[in-house]
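*Asks:* Pasting a structure here, questions to come.
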Amino acid sequence: MTVAIYLDRLRPAGASLRAMALLLLLLAAFFISARGFSSILLLDNIRQAAPLGVVVAGQALVLMMGRLDLSVGATASMANIVLCSIFNSDMANLVPAVTATLAAGALVGLANGIMSTKLRIPAFLATLASSLIIAGLVVFFTNGSPRGAVPPAFRVITEGWLFGVAPYSALIWLVLLVALLLLVHFTMLGRKMILSGANVVAARHSGIPSDGLIILSFVLCSVLASIGGILLSAITGMASIGVGNNFTLDSIAAAVIGGALFAGGVFLPLGAMAGALILFFVQSLLYVLALPPAAKFIVQGLIIILALALANLKQERSQ
């Protein structure tokens, strides 16, 4: 493969550039309202947006396969409960706590993938059902009163900064995005995933194991949702039922803003990152402007409409 092909794959897509432009406009409005630019404030917001950003990356991966995962919020919440209960404020439990949390997420993704492929249940219904099951199991095992917390030393992954310059959580988010970028756009496995997402029937006729790739995307999505739950747990410091529930709709909205298509066949890590930051800075801007929480949903809806309208306009012009 030539260098030119590699460089072409690294070139940002138009949807990603539009999302970045929208993000820059939002940042300008945010800092004007905050009466001055502050790099520390910018990085601190990125640090707090990292949990959502990781979940959005997983959602974008499933959308690339032409599917939708409505269980990411419940999975992130489950990760919080599992992590905190096993940790129990003791850093000595680091390995079993993190391992069990990621394994639980992987099992959720495996179940979602099997229901979507082998049982032929529409993905949004299968993942909706799994989210309800997860929520019920969490309440059952905790009796509605979750216990446990992450030790203070573990919270460095979201509270700490590398050399005082970059938040660790932002770096974790960046590493995961780069890993997904390399997987999807620079490996044969990733190319097969894109082809399966664009046209699953044609991919099957070409001998591509599409069902296995769809299952893989769900597993990766749920593992990323668990990582998002881990980061969120490091921010909150304690177990809380439903702490990640907002991630479900927010991840879909952010992925769509970033250029993801419900029809599949597209994976834009830069756009996914921009979409997550757009949603987070919308909340920050509304807070600075002292607007009611209900305004968040209105603004999010308008941003999604704008992103889809621009995407459709671009598509019509290219035809």
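We label chains A, B, ... in the order they appear in the structure tokens, count residues from 1 in each chain, and number ligands from 1 in the order shown.
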Listing only residues of range 205-257 of chain A within 6 Å of range 81-102 of chain A, what is the closest atom pair and its distance in Å (to one decimal) for each, using only C-alpha atoms, sorted by chain and residue number ascending, as JSON lines?

*Replies:*
```
{"residue": "A:Val223", "atom": "CA", "partner": "A:Leu102", "partner_atom": "CA", "distance": 5.8}
{"residue": "A:Ser226", "atom": "CA", "partner": "A:Leu102", "partner_atom": "CA", "distance": 6.0}
{"residue": "A:Ala239", "atom": "CA", "partner": "A:Ile81", "partner_atom": "CA", "distance": 5.2}
```

*Asks:* Include N, CA, C and O atoms and write out the residues we just selected as a PDB file, in the first residue's frame.

*Replies:*
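Dumped everything to out_12.pdb:
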```pdb
ATOM      1  N   VAL A 223     -17.766  -2.675  25.372  1.00  0.00           N
ATOM      2  CA  VAL A 223     -16.513  -2.517  26.128  1.00  0.00           C
ATOM      3  C   VAL A 223     -16.175  -1.032  26.253  1.00  0.00           C
ATOM      4  O   VAL A 223     -15.771  -0.561  27.333  1.00  0.00           O
ATOM      5  N   SER A 226     -18.325   0.475  28.776  1.00  0.00           N
ATOM      6  CA  SER A 226     -17.818   0.139  30.109  1.00  0.00           C
ATOM      7  C   SER A 226     -16.643   1.032  30.490  1.00  0.00           C
ATOM      8  O   SER A 226     -16.528   1.461  31.645  1.00  0.00           O
ATOM      9  N   ALA A 239     -20.668   4.625  43.649  1.00  0.00           N
ATOM     10  CA  ALA A 239     -21.677   3.900  42.891  1.00  0.00           C
ATOM     11  C   ALA A 239     -22.995   4.659  42.909  1.00  0.00           C
ATOM     12  O   ALA A 239     -23.392   5.198  43.941  1.00  0.00           O
TER      13      ALA A 239
END
```

*Asks:* Hey, what does DSSP flag as strand (DSSP E or B) within range 7-189 of chain A? Can you give it to me as a list in words?

*Replies:*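 Secondary structure check on range 7-189 of chain A, strand (DSSP E or B): Ala149, Trp161, Leu162, Ala166 and Pro167 of chain A.
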
*Asks:* Please report, as number ranges by chain, each residue of range 67-292 of chain A to which DSSP assigns helix (DSSP H, G or I) when run on this structure's backbone.

*Replies:* A: 72-87, 91-117, 123-142, 152-159, 168-186, 188-198, 200-205, 210-236, 247-257, 269-288

*Asks:* Which of these residues is nearest to Leu279 in chain A, using only C-alpha atoms: A:Val55, A:Ala49, A:Val150, A:Ala106?

*Replies:*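 Ranking A:Val55, A:Ala49, A:Val150, A:Ala106 by distance to Leu279 in chain A, first place goes to A:Ala49.
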
*Asks:* For Ser217 in chain A, please output as a list of chain:residue names all residues within 7 Å (counting only C-alpha atoms; exclusion window: fewer than 4 positions along the same chain).

*Replies:*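 Final neighbour list, sorted by chain and number: A:Leu61, A:Val62, A:Leu213, A:Cys221.
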
*Asks:* Next, write the just-selected residues to a file, as a tab-separated table (two decimals), in the first residue's frame, keeping C-alpha atoms as the atom set.

*Replies:*
```
chain	number	residue	atom	x	y	z
A	61	LEU	CA	-18.73	1.88	15.38
A	62	VAL	CA	-22.11	0.13	15.63
A	213	LEU	CA	-18.15	-8.62	12.32
A	221	CYS	CA	-19.18	-0.83	21.62
```

*Asks:* Pick from A:Pro146, A:Ile121, A:Phe163, A:Gln48: nearest to Ser240 in chain A, with only C-alpha atoms counted?

*Replies:*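 Ranked by minimum distance to Ser240 in chain A, first place goes to A:Pro146.
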
*Asks:* At a cut-off of 9 Å, using only C-alpha atoms, what residues contact Leu224 in chain A? Leave out same-chain residues fewer than 4 positions from it and give the result as a list in words.

*Replies:* Val54, Val55, Val56, Ala57, Gly58, Gln59, Val72, Ala76, Leu102, Gly105, Leu176, Val219, Leu220, Gly228 and Gly229 of chain A

*Asks:* Need to verify the contact set: Phe218 in chain A, 8 Å, only C-alpha atoms, exclusion of same-chain residues closer than 3 positions in sequence. Can you return it as a PDB file with C-alpha atoms, in the first residue's frame?

*Replies:*
```pdb
ATOM      1  CA  VAL A  62     -22.114   0.126  15.634  1.00  0.00           C
ATOM      2  CA  ASP A  69     -27.109   0.322  20.384  1.00  0.00           C
ATOM      3  CA  GLY A 109     -22.108  -6.694  23.636  1.00  0.00           C
ATOM      4  CA  LEU A 110     -21.914 -10.397  22.807  1.00  0.00           C
ATOM      5  CA  ASN A 112     -26.583  -7.817  21.710  1.00  0.00           C
ATOM      6  CA  GLY A 113     -24.660  -9.078  18.696  1.00  0.00           C
ATOM      7  CA  ILE A 214     -21.477  -7.215  13.528  1.00  0.00           C
ATOM      8  CA  ILE A 215     -21.087  -9.149  16.784  1.00  0.00           C
ATOM      9  CA  CYS A 221     -19.183  -0.830  21.622  1.00  0.00           C
ATOM     10  CA  SER A 222     -20.143  -2.318  24.992  1.00  0.00           C
TER      11      SER A 222
END
```
